[in-house]
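Asker: You'll find data06.txt just under this line, and it carries compact mmCIF, N, CA, C and O atoms.
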# COMPACT_ATOMS: atom_id res chain seq x y z
N MET D 1 -6.15 7.40 -20.71
CA MET D 1 -6.71 6.52 -19.71
C MET D 1 -8.18 6.27 -20.06
O MET D 1 -8.93 7.20 -20.34
N SER D 2 -8.58 5.02 -20.01
CA SER D 2 -9.97 4.66 -20.31
C SER D 2 -10.87 5.03 -19.14
O SER D 2 -10.41 5.24 -18.01
N GLN D 3 -12.17 5.04 -19.40
CA GLN D 3 -13.14 5.32 -18.33
C GLN D 3 -13.08 4.23 -17.26
O GLN D 3 -13.22 4.52 -16.07
N GLU D 4 -12.87 3.00 -17.68
CA GLU D 4 -12.77 1.89 -16.72
C GLU D 4 -11.55 2.05 -15.82
O GLU D 4 -11.63 1.84 -14.61
N GLU D 5 -10.42 2.46 -16.40
CA GLU D 5 -9.21 2.68 -15.60
C GLU D 5 -9.42 3.83 -14.62
O GLU D 5 -9.02 3.73 -13.45
N ALA D 6 -10.05 4.89 -15.08
CA ALA D 6 -10.34 6.04 -14.20
C ALA D 6 -11.25 5.62 -13.06
O ALA D 6 -11.06 6.03 -11.91
N ARG D 7 -12.27 4.80 -13.37
CA ARG D 7 -13.19 4.32 -12.34
C ARG D 7 -12.47 3.50 -11.30
O ARG D 7 -12.69 3.66 -10.09
N GLU D 8 -11.57 2.63 -11.73
CA GLU D 8 -10.81 1.80 -10.79
C GLU D 8 -9.90 2.65 -9.91
O GLU D 8 -9.79 2.40 -8.70
N ILE D 9 -9.27 3.65 -10.48
CA ILE D 9 -8.40 4.56 -9.70
C ILE D 9 -9.25 5.30 -8.67
O ILE D 9 -8.86 5.44 -7.51
N ASN D 10 -10.43 5.78 -9.08
CA ASN D 10 -11.31 6.48 -8.14
C ASN D 10 -11.75 5.56 -7.00
O ASN D 10 -11.78 5.98 -5.84
N LEU D 11 -12.07 4.31 -7.31
CA LEU D 11 -12.47 3.37 -6.25
C LEU D 11 -11.31 3.09 -5.29
O LEU D 11 -11.50 3.02 -4.07
N GLU D 12 -10.10 2.96 -5.82
CA GLU D 12 -8.92 2.78 -4.96
C GLU D 12 -8.72 4.00 -4.07
O GLU D 12 -8.42 3.87 -2.87
N ASN D 13 -8.89 5.18 -4.64
CA ASN D 13 -8.75 6.41 -3.85
C ASN D 13 -9.85 6.53 -2.80
O ASN D 13 -9.60 6.99 -1.68
N GLN D 14 -11.08 6.11 -3.14
CA GLN D 14 -12.16 6.13 -2.15
C GLN D 14 -11.79 5.26 -0.95
O GLN D 14 -11.98 5.67 0.19
N ARG D 15 -11.27 4.07 -1.22
CA ARG D 15 -10.89 3.18 -0.12
C ARG D 15 -9.78 3.81 0.72
O ARG D 15 -9.81 3.77 1.95
N ARG D 16 -8.81 4.41 0.05
CA ARG D 16 -7.68 5.03 0.75
C ARG D 16 -8.15 6.18 1.65
O ARG D 16 -7.76 6.27 2.81
N VAL D 17 -9.02 7.07 1.12
CA VAL D 17 -9.47 8.20 1.95
C VAL D 17 -10.43 7.73 3.03
O VAL D 17 -10.50 8.34 4.10
N ALA D 18 -11.17 6.65 2.79
CA ALA D 18 -12.05 6.10 3.83
C ALA D 18 -11.21 5.62 5.01
O ALA D 18 -11.53 5.92 6.17
N LEU D 19 -10.15 4.89 4.74
CA LEU D 19 -9.27 4.41 5.81
C LEU D 19 -8.65 5.57 6.57
O LEU D 19 -8.59 5.56 7.80
N LYS D 20 -8.22 6.59 5.84
CA LYS D 20 -7.64 7.78 6.49
C LYS D 20 -8.66 8.47 7.38
O LYS D 20 -8.38 8.80 8.53
N PHE D 21 -9.88 8.67 6.86
CA PHE D 21 -10.92 9.33 7.64
C PHE D 21 -11.27 8.53 8.89
O PHE D 21 -11.35 9.07 9.99
N ILE D 22 -11.46 7.22 8.74
CA ILE D 22 -11.81 6.37 9.88
C ILE D 22 -10.73 6.43 10.95
O ILE D 22 -11.03 6.56 12.14
N ASN D 23 -9.49 6.36 10.55
CA ASN D 23 -8.39 6.38 11.51
C ASN D 23 -8.18 7.77 12.11
O ASN D 23 -7.92 7.89 13.31
N ASP D 24 -8.30 8.82 11.31
CA ASP D 24 -8.11 10.18 11.83
C ASP D 24 -9.24 10.59 12.77
O ASP D 24 -9.01 11.16 13.82
N TYR D 25 -10.48 10.31 12.39
CA TYR D 25 -11.63 10.71 13.20
C TYR D 25 -11.76 9.80 14.42
O TYR D 25 -12.06 10.25 15.51
N SER D 26 -11.54 8.52 14.24
CA SER D 26 -11.43 7.54 15.32
C SER D 26 -12.58 7.62 16.34
O SER D 26 -12.36 7.58 17.54
N ASN D 27 -13.80 7.73 15.84
CA ASN D 27 -14.96 7.81 16.71
C ASN D 27 -15.74 6.50 16.63
O ASN D 27 -16.18 6.11 15.55
N PRO D 28 -15.92 5.80 17.75
CA PRO D 28 -16.64 4.53 17.71
C PRO D 28 -18.11 4.68 17.29
O PRO D 28 -18.75 3.69 16.95
N GLU D 29 -18.64 5.90 17.30
CA GLU D 29 -20.03 6.13 16.88
C GLU D 29 -20.15 6.29 15.37
O GLU D 29 -21.26 6.38 14.84
N LEU D 30 -19.02 6.33 14.64
CA LEU D 30 -19.03 6.36 13.17
C LEU D 30 -19.37 4.95 12.71
O LEU D 30 -18.59 4.02 12.94
N THR D 31 -20.54 4.78 12.11
CA THR D 31 -20.98 3.44 11.72
C THR D 31 -21.00 3.21 10.22
O THR D 31 -20.95 2.07 9.77
N ALA D 32 -21.11 4.29 9.45
CA ALA D 32 -21.19 4.13 7.99
C ALA D 32 -20.58 5.32 7.28
O ALA D 32 -20.56 6.44 7.80
N LEU D 33 -20.07 5.04 6.09
CA LEU D 33 -19.51 6.06 5.21
C LEU D 33 -19.96 5.70 3.81
O LEU D 33 -19.73 4.58 3.35
N ARG D 34 -20.66 6.64 3.15
CA ARG D 34 -21.20 6.37 1.81
C ARG D 34 -20.71 7.45 0.85
O ARG D 34 -20.93 8.64 1.08
N PHE D 35 -20.05 7.01 -0.22
CA PHE D 35 -19.56 7.94 -1.23
C PHE D 35 -20.70 8.31 -2.18
O PHE D 35 -21.41 7.44 -2.66
N THR D 36 -20.87 9.62 -2.43
CA THR D 36 -21.98 10.09 -3.23
C THR D 36 -21.60 10.41 -4.67
O THR D 36 -22.47 10.76 -5.47
N ASN D 37 -20.32 10.33 -4.98
CA ASN D 37 -19.86 10.48 -6.37
C ASN D 37 -18.52 9.76 -6.51
O ASN D 37 -17.99 9.25 -5.52
N GLU D 38 -17.98 9.70 -7.72
CA GLU D 38 -16.74 8.96 -7.94
C GLU D 38 -15.51 9.69 -7.42
O GLU D 38 -14.55 9.06 -7.04
N GLY D 39 -15.55 11.01 -7.42
CA GLY D 39 -14.40 11.79 -6.99
C GLY D 39 -13.52 12.17 -8.17
O GLY D 39 -13.74 11.74 -9.30
N GLY D 40 -12.53 12.99 -7.90
CA GLY D 40 -11.61 13.43 -8.94
C GLY D 40 -10.85 14.66 -8.47
O GLY D 40 -10.92 15.07 -7.32
N ARG D 41 -10.12 15.22 -9.41
CA ARG D 41 -9.36 16.45 -9.14
C ARG D 41 -10.15 17.63 -9.69
O ARG D 41 -10.39 17.70 -10.88
N PRO D 42 -10.56 18.58 -8.83
CA PRO D 42 -11.40 19.68 -9.29
C PRO D 42 -10.66 20.74 -10.11
O PRO D 42 -11.29 21.57 -10.73
N GLY D 43 -9.35 20.71 -10.11
CA GLY D 43 -8.60 21.70 -10.87
C GLY D 43 -7.13 21.37 -10.90
O GLY D 43 -6.66 20.47 -10.19
N PHE D 44 -6.40 22.07 -11.72
CA PHE D 44 -4.97 21.83 -11.86
C PHE D 44 -4.27 22.02 -10.51
O PHE D 44 -4.44 23.04 -9.85
N GLY D 45 -3.53 21.03 -10.08
CA GLY D 45 -2.79 21.11 -8.83
C GLY D 45 -3.58 20.75 -7.59
O GLY D 45 -3.03 20.65 -6.51
N ALA D 46 -4.89 20.57 -7.74
CA ALA D 46 -5.72 20.23 -6.59
C ALA D 46 -5.58 18.74 -6.27
O ALA D 46 -5.35 17.92 -7.16
N SER D 47 -5.71 18.41 -5.01
CA SER D 47 -5.65 17.01 -4.63
C SER D 47 -6.96 16.31 -5.00
O SER D 47 -8.00 16.94 -5.12
N TRP D 48 -6.88 15.00 -5.16
CA TRP D 48 -8.06 14.19 -5.45
C TRP D 48 -8.99 14.29 -4.25
O TRP D 48 -8.56 14.25 -3.11
N ARG D 49 -10.30 14.42 -4.51
CA ARG D 49 -11.28 14.50 -3.43
C ARG D 49 -12.62 13.93 -3.87
O ARG D 49 -12.87 13.79 -5.06
N VAL D 50 -13.44 13.62 -2.87
CA VAL D 50 -14.73 12.99 -3.14
C VAL D 50 -15.72 13.39 -2.04
O VAL D 50 -15.32 13.65 -0.90
N ASN D 51 -16.99 13.44 -2.39
CA ASN D 51 -18.04 13.73 -1.41
C ASN D 51 -18.52 12.43 -0.79
O ASN D 51 -18.63 11.41 -1.47
N ALA D 52 -18.83 12.51 0.50
CA ALA D 52 -19.31 11.33 1.21
C ALA D 52 -20.26 11.76 2.32
O ALA D 52 -20.25 12.91 2.76
N VAL D 53 -21.06 10.80 2.75
CA VAL D 53 -21.94 11.01 3.90
C VAL D 53 -21.45 10.09 5.01
O VAL D 53 -21.36 8.88 4.82
N ALA D 54 -21.10 10.69 6.14
CA ALA D 54 -20.65 9.93 7.31
C ALA D 54 -21.82 9.84 8.29
O ALA D 54 -22.45 10.86 8.60
N THR D 55 -22.11 8.63 8.75
CA THR D 55 -23.18 8.44 9.72
C THR D 55 -22.56 8.24 11.10
O THR D 55 -21.79 7.30 11.31
N VAL D 56 -22.85 9.18 12.00
CA VAL D 56 -22.30 9.16 13.36
C VAL D 56 -23.47 9.20 14.33
O VAL D 56 -24.27 10.14 14.31
N ASN D 57 -23.57 8.16 15.15
CA ASN D 57 -24.64 8.06 16.14
C ASN D 57 -26.02 8.27 15.52
O ASN D 57 -26.87 8.97 16.06
N GLY D 58 -26.21 7.71 14.32
CA GLY D 58 -27.49 7.77 13.63
C GLY D 58 -27.75 9.02 12.82
O GLY D 58 -28.75 9.09 12.11
N ALA D 59 -26.88 10.02 12.89
CA ALA D 59 -27.06 11.26 12.14
C ALA D 59 -26.09 11.30 10.95
O ALA D 59 -24.97 10.80 11.05
N ASP D 60 -26.53 11.89 9.84
CA ASP D 60 -25.71 11.99 8.64
C ASP D 60 -25.01 13.34 8.56
O ASP D 60 -25.61 14.38 8.84
N PHE D 61 -23.75 13.30 8.13
CA PHE D 61 -22.92 14.49 7.98
C PHE D 61 -22.27 14.46 6.61
O PHE D 61 -21.65 13.46 6.24
N GLU D 62 -22.42 15.55 5.84
CA GLU D 62 -21.82 15.63 4.52
C GLU D 62 -20.37 16.05 4.66
O GLU D 62 -20.07 17.08 5.27
N GLU D 63 -19.49 15.23 4.09
CA GLU D 63 -18.05 15.47 4.22
C GLU D 63 -17.39 15.48 2.85
O GLU D 63 -17.92 14.92 1.89
N ILE D 64 -16.23 16.10 2.79
CA ILE D 64 -15.36 16.06 1.62
C ILE D 64 -14.09 15.37 2.08
O ILE D 64 -13.43 15.83 3.02
N LEU D 65 -13.79 14.25 1.47
CA LEU D 65 -12.60 13.48 1.83
C LEU D 65 -11.60 13.60 0.71
O LEU D 65 -11.94 13.40 -0.46
N ALA D 66 -10.37 13.91 1.06
CA ALA D 66 -9.31 14.07 0.06
C ALA D 66 -8.10 13.27 0.49
O ALA D 66 -8.02 12.78 1.62
N THR D 67 -7.18 13.14 -0.43
CA THR D 67 -5.98 12.37 -0.13
C THR D 67 -5.11 13.04 0.93
O THR D 67 -4.33 12.36 1.57
N ASP D 68 -5.29 14.35 1.14
CA ASP D 68 -4.45 15.03 2.12
C ASP D 68 -5.23 15.82 3.18
O ASP D 68 -4.64 16.49 4.00
N PHE D 69 -6.55 15.76 3.16
CA PHE D 69 -7.36 16.44 4.19
C PHE D 69 -8.78 15.88 4.16
O PHE D 69 -9.15 15.15 3.25
N TRP D 70 -9.56 16.25 5.17
CA TRP D 70 -11.01 16.00 5.15
C TRP D 70 -11.69 17.12 5.90
O TRP D 70 -11.11 17.74 6.77
N GLY D 71 -12.93 17.39 5.52
CA GLY D 71 -13.69 18.45 6.16
C GLY D 71 -15.12 18.42 5.66
O GLY D 71 -15.48 17.59 4.84
N GLY D 72 -15.91 19.32 6.15
CA GLY D 72 -17.32 19.39 5.76
C GLY D 72 -18.15 19.79 6.96
O GLY D 72 -17.75 20.64 7.75
N ASP D 73 -19.31 19.15 7.11
CA ASP D 73 -20.16 19.43 8.26
C ASP D 73 -19.38 19.16 9.55
O ASP D 73 -18.61 18.20 9.62
N PRO D 74 -19.58 20.00 10.57
CA PRO D 74 -18.93 19.73 11.86
C PRO D 74 -19.40 18.38 12.40
O PRO D 74 -20.60 18.09 12.42
N LEU D 75 -18.44 17.57 12.82
CA LEU D 75 -18.74 16.24 13.35
C LEU D 75 -18.77 16.26 14.87
O LEU D 75 -18.10 17.08 15.50
N PRO D 76 -19.52 15.34 15.47
CA PRO D 76 -19.51 15.24 16.94
C PRO D 76 -18.11 14.94 17.44
O PRO D 76 -17.32 14.28 16.76
N ASP D 77 -17.81 15.43 18.63
CA ASP D 77 -16.51 15.16 19.23
C ASP D 77 -16.34 13.67 19.47
O ASP D 77 -17.30 12.95 19.77
N THR D 78 -15.10 13.23 19.37
CA THR D 78 -14.76 11.84 19.66
C THR D 78 -14.52 11.73 21.17
O THR D 78 -13.78 12.53 21.74
N PRO D 79 -15.12 10.74 21.83
CA PRO D 79 -14.89 10.57 23.26
C PRO D 79 -13.40 10.34 23.54
O PRO D 79 -12.70 9.69 22.75
N ALA D 80 -12.92 10.87 24.65
CA ALA D 80 -11.50 10.71 25.02
C ALA D 80 -11.15 9.23 25.10
O ALA D 80 -11.90 8.42 25.64
N GLY D 81 -10.02 8.89 24.53
CA GLY D 81 -9.51 7.52 24.58
C GLY D 81 -10.25 6.54 23.68
O GLY D 81 -10.00 5.35 23.73
N ALA D 82 -11.15 7.05 22.85
CA ALA D 82 -11.95 6.17 21.98
C ALA D 82 -11.11 5.66 20.82
O ALA D 82 -10.16 6.30 20.38
N ALA D 83 -11.49 4.51 20.33
CA ALA D 83 -10.85 3.92 19.17
C ALA D 83 -11.91 3.72 18.09
O ALA D 83 -13.09 3.53 18.39
N ALA D 84 -11.48 3.76 16.85
CA ALA D 84 -12.40 3.56 15.74
C ALA D 84 -13.04 2.18 15.81
O ALA D 84 -12.42 1.21 16.25
N ALA D 85 -14.28 2.12 15.42
CA ALA D 85 -15.01 0.86 15.35
C ALA D 85 -15.06 0.42 13.89
O ALA D 85 -14.59 1.12 13.00
N SER D 86 -15.63 -0.72 13.64
CA SER D 86 -15.82 -1.17 12.27
C SER D 86 -16.86 -0.27 11.59
O SER D 86 -17.88 0.08 12.19
N VAL D 87 -16.58 0.10 10.36
CA VAL D 87 -17.43 1.03 9.62
C VAL D 87 -17.83 0.38 8.30
O VAL D 87 -16.97 -0.13 7.58
N CYS D 88 -19.11 0.44 7.96
CA CYS D 88 -19.58 -0.04 6.67
C CYS D 88 -19.36 1.07 5.65
O CYS D 88 -19.93 2.15 5.77
N VAL D 89 -18.51 0.80 4.67
CA VAL D 89 -18.18 1.77 3.64
C VAL D 89 -18.86 1.35 2.34
O VAL D 89 -18.67 0.22 1.88
N THR D 90 -19.65 2.25 1.78
CA THR D 90 -20.31 2.00 0.50
C THR D 90 -19.68 2.91 -0.54
O THR D 90 -19.70 4.14 -0.40
N TYR D 91 -19.13 2.29 -1.56
CA TYR D 91 -18.42 3.02 -2.61
C TYR D 91 -19.40 3.54 -3.66
O TYR D 91 -20.56 3.13 -3.72
N SER D 92 -18.92 4.43 -4.51
CA SER D 92 -19.77 5.07 -5.51
C SER D 92 -20.36 4.08 -6.51
O SER D 92 -21.39 4.37 -7.13
N ASP D 93 -19.77 2.90 -6.66
CA ASP D 93 -20.31 1.90 -7.58
C ASP D 93 -21.33 0.97 -6.90
O ASP D 93 -21.82 0.03 -7.51
N GLY D 94 -21.65 1.24 -5.63
CA GLY D 94 -22.63 0.45 -4.91
C GLY D 94 -22.05 -0.73 -4.12
O GLY D 94 -22.77 -1.32 -3.31
N THR D 95 -20.79 -1.05 -4.33
CA THR D 95 -20.17 -2.12 -3.54
C THR D 95 -19.89 -1.61 -2.14
O THR D 95 -19.80 -0.39 -1.91
N SER D 96 -19.74 -2.52 -1.19
CA SER D 96 -19.46 -2.11 0.17
C SER D 96 -18.56 -3.12 0.86
O SER D 96 -18.42 -4.26 0.41
N GLU D 97 -17.93 -2.66 1.93
CA GLU D 97 -17.10 -3.52 2.77
C GLU D 97 -17.03 -2.90 4.14
O GLU D 97 -17.32 -1.72 4.34
N ILE D 98 -16.61 -3.71 5.11
CA ILE D 98 -16.41 -3.23 6.47
C ILE D 98 -14.93 -2.92 6.65
O ILE D 98 -14.07 -3.75 6.36
N LEU D 99 -14.64 -1.69 7.09
CA LEU D 99 -13.25 -1.26 7.33
C LEU D 99 -13.10 -0.86 8.78
O LEU D 99 -14.04 -0.43 9.43
N LYS D 100 -11.89 -0.96 9.27
CA LYS D 100 -11.55 -0.50 10.61
C LYS D 100 -10.20 0.15 10.59
O LYS D 100 -9.32 -0.22 9.89
Mind converting the file's structure to structure tokens?

Answerer:
Amino acid sequence: MSQEEAREINLENQRRVALKFINDYSNPELTALRFTNEGGRPGFGASWRVNAVATVNGADFEEILATDFWGGDPLPDTPAGAAAASVCVTYSDGTSEILK
């Protein structure tokens, strides 16, 4: 696999885990998600994962987003009955888009 192909796969995975995180966390105060590296598999059998900074109500939280889980800094509770808002996602290559 070429470096360009690996980069494209990582960007696709970043988008996929961003959508999962936004939908799972579902906090309207989540306004931005910024990937701080390309991501990858840290070891044999490990799921793909990437580091990101989630901005919630103006504060930044360092998170690890993976294809099958997410975790990191404790996040503020989501208000009862809240739905996810639009989130500005910035990928490791500097491109960005709004996801919901």

Asker: To one decimal in Å, tell me the separation between atom O of D:Glu5 and atom O of D:Thr31.

Answerer: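 Between atom O of D:Glu5 and atom O of D:Thr31 the gap works out to 26.2 Å.
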
Asker: Output as an MDAnalysis selection string all residues of stretch 1-64 of chain D that backbone DSSP marks as helix (DSSP H, G or I).

Answerer: chainID D and resid 3:25

Asker: Tell me which protein, DNA and RNA residues are within 8 Å of D:Asn37, counting only N, CA, C and O atoms, leaving out same-chain ones fewer than 2 positions away, and put them as a VMD selection string.

Answerer: chain D and resid 10 to 11 14 34 to 35 39 to 40 49 to 53 90 to 93

Asker: Write to file, as a PDB file, in the frame of the given file, the residues of the selection just made, with N, CA, C and O atoms.

Answerer:
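The resulting file, out03.pdb, is shown below:
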ATOM      1  N   ASN D  10     -10.430   5.780  -9.080  1.00  0.00           N
ATOM      2  CA  ASN D  10     -11.310   6.480  -8.140  1.00  0.00           C
ATOM      3  C   ASN D  10     -11.750   5.560  -7.000  1.00  0.00           C
ATOM      4  O   ASN D  10     -11.780   5.980  -5.840  1.00  0.00           O
ATOM      5  N   LEU D  11     -12.070   4.310  -7.310  1.00  0.00           N
ATOM      6  CA  LEU D  11     -12.470   3.370  -6.250  1.00  0.00           C
ATOM      7  C   LEU D  11     -11.310   3.090  -5.290  1.00  0.00           C
ATOM      8  O   LEU D  11     -11.500   3.020  -4.070  1.00  0.00           O
ATOM      9  N   GLN D  14     -11.080   6.110  -3.140  1.00  0.00           N
ATOM     10  CA  GLN D  14     -12.160   6.130  -2.150  1.00  0.00           C
ATOM     11  C   GLN D  14     -11.790   5.260  -0.950  1.00  0.00           C
ATOM     12  O   GLN D  14     -11.980   5.670   0.190  1.00  0.00           O
ATOM     13  N   ARG D  34     -20.660   6.640   3.150  1.00  0.00           N
ATOM     14  CA  ARG D  34     -21.200   6.370   1.810  1.00  0.00           C
ATOM     15  C   ARG D  34     -20.710   7.450   0.850  1.00  0.00           C
ATOM     16  O   ARG D  34     -20.930   8.640   1.080  1.00  0.00           O
ATOM     17  N   PHE D  35     -20.050   7.010  -0.220  1.00  0.00           N
ATOM     18  CA  PHE D  35     -19.560   7.940  -1.230  1.00  0.00           C
ATOM     19  C   PHE D  35     -20.700   8.310  -2.180  1.00  0.00           C
ATOM     20  O   PHE D  35     -21.410   7.440  -2.660  1.00  0.00           O
ATOM     21  N   GLY D  39     -15.550  11.010  -7.420  1.00  0.00           N
ATOM     22  CA  GLY D  39     -14.400  11.790  -6.990  1.00  0.00           C
ATOM     23  C   GLY D  39     -13.520  12.170  -8.170  1.00  0.00           C
ATOM     24  O   GLY D  39     -13.740  11.740  -9.300  1.00  0.00           O
ATOM     25  N   GLY D  40     -12.530  12.990  -7.900  1.00  0.00           N
ATOM     26  CA  GLY D  40     -11.610  13.430  -8.940  1.00  0.00           C
ATOM     27  C   GLY D  40     -10.850  14.660  -8.470  1.00  0.00           C
ATOM     28  O   GLY D  40     -10.920  15.070  -7.320  1.00  0.00           O
ATOM     29  N   ARG D  49     -10.300  14.420  -4.510  1.00  0.00           N
ATOM     30  CA  ARG D  49     -11.280  14.500  -3.430  1.00  0.00           C
ATOM     31  C   ARG D  49     -12.620  13.930  -3.870  1.00  0.00           C
ATOM     32  O   ARG D  49     -12.870  13.790  -5.060  1.00  0.00           O
ATOM     33  N   VAL D  50     -13.440  13.620  -2.870  1.00  0.00           N
ATOM     34  CA  VAL D  50     -14.730  12.990  -3.140  1.00  0.00           C
ATOM     35  C   VAL D  50     -15.720  13.390  -2.040  1.00  0.00           C
ATOM     36  O   VAL D  50     -15.320  13.650  -0.900  1.00  0.00           O
ATOM     37  N   ASN D  51     -16.990  13.440  -2.390  1.00  0.00           N
ATOM     38  CA  ASN D  51     -18.040  13.730  -1.410  1.00  0.00           C
ATOM     39  C   ASN D  51     -18.520  12.430  -0.790  1.00  0.00           C
ATOM     40  O   ASN D  51     -18.630  11.410  -1.470  1.00  0.00           O
ATOM     41  N   ALA D  52     -18.830  12.510   0.500  1.00  0.00           N
ATOM     42  CA  ALA D  52     -19.310  11.330   1.210  1.00  0.00           C
ATOM     43  C   ALA D  52     -20.260  11.760   2.320  1.00  0.00           C
ATOM     44  O   ALA D  52     -20.250  12.910   2.760  1.00  0.00           O
ATOM     45  N   VAL D  53     -21.060  10.800   2.750  1.00  0.00           N
ATOM     46  CA  VAL D  53     -21.940  11.010   3.900  1.00  0.00           C
ATOM     47  C   VAL D  53     -21.450  10.090   5.010  1.00  0.00           C
ATOM     48  O   VAL D  53     -21.360   8.880   4.820  1.00  0.00           O
ATOM     49  N   THR D  90     -19.650   2.250   1.780  1.00  0.00           N
ATOM     50  CA  THR D  90     -20.310   2.000   0.500  1.00  0.00           C
ATOM     51  C   THR D  90     -19.680   2.910  -0.540  1.00  0.00           C
ATOM     52  O   THR D  90     -19.700   4.140  -0.400  1.00  0.00           O
ATOM     53  N   TYR D  91     -19.130   2.290  -1.560  1.00  0.00           N
ATOM     54  CA  TYR D  91     -18.420   3.020  -2.610  1.00  0.00           C
ATOM     55  C   TYR D  91     -19.400   3.540  -3.660  1.00  0.00           C
ATOM     56  O   TYR D  91     -20.560   3.130  -3.720  1.00  0.00           O
ATOM     57  N   SER D  92     -18.920   4.430  -4.510  1.00  0.00           N
ATOM     58  CA  SER D  92     -19.770   5.070  -5.510  1.00  0.00           C
ATOM     59  C   SER D  92     -20.360   4.080  -6.510  1.00  0.00           C
ATOM     60  O   SER D  92     -21.390   4.370  -7.130  1.00  0.00           O
ATOM     61  N   ASP D  93     -19.770   2.900  -6.660  1.00  0.00           N
ATOM     62  CA  ASP D  93     -20.310   1.900  -7.580  1.00  0.00           C
ATOM     63  C   ASP D  93     -21.330   0.970  -6.900  1.00  0.00           C
ATOM     64  O   ASP D  93     -21.820   0.030  -7.510  1.00  0.00           O
TER      65      ASP D  93
END

Asker: With only C-alpha atoms as the basis for distance, which of D:Leu19, D:Leu33, D:Met1, D:Ala82 is at the shortest distance from D:Lys100?

Answerer: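 The closest residue to D:Lys100 is D:Leu19.
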
Asker: Of the residues D:Gly81, D:Pro42, D:Pro74, D:Gly94, which is the one nearest to D:Asp60, using only N, CA, C and O atoms?

Answerer: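 Checking each candidate against D:Asp60, we get D:Pro74 as the closest.
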
Asker: Could you tell me how far atom CA of D:Ser47 sits from atom CA of D:Thr78, in Å to one decimal place?

Answerer: 26.5 Å

Asker: DSSP on the backbone, then: every residue of chain D marked strand (DSSP E), written as number ranges by chain.

Answerer: D: 30-35, 49-56, 59-66, 70-72, 87-90, 96-99

Asker: To one decimal in Å, tell me the separation between atom N of D:Ala85 and atom O of D:Leu30.

Answerer: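 That distance, rounded to one decimal, is 5.3 Å.
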
Asker: Take the point (-17.5, 15.0, 13.8) in the file's coordinates, draw a sphere of radius 8 Å around it, and report as JSON, numbers by chain every protein, DNA or RNA residue with an atom inside or on it, counting only C-alpha atoms.

Answerer: {"D": [25, 56, 61, 73, 74, 75, 76, 77, 78]}
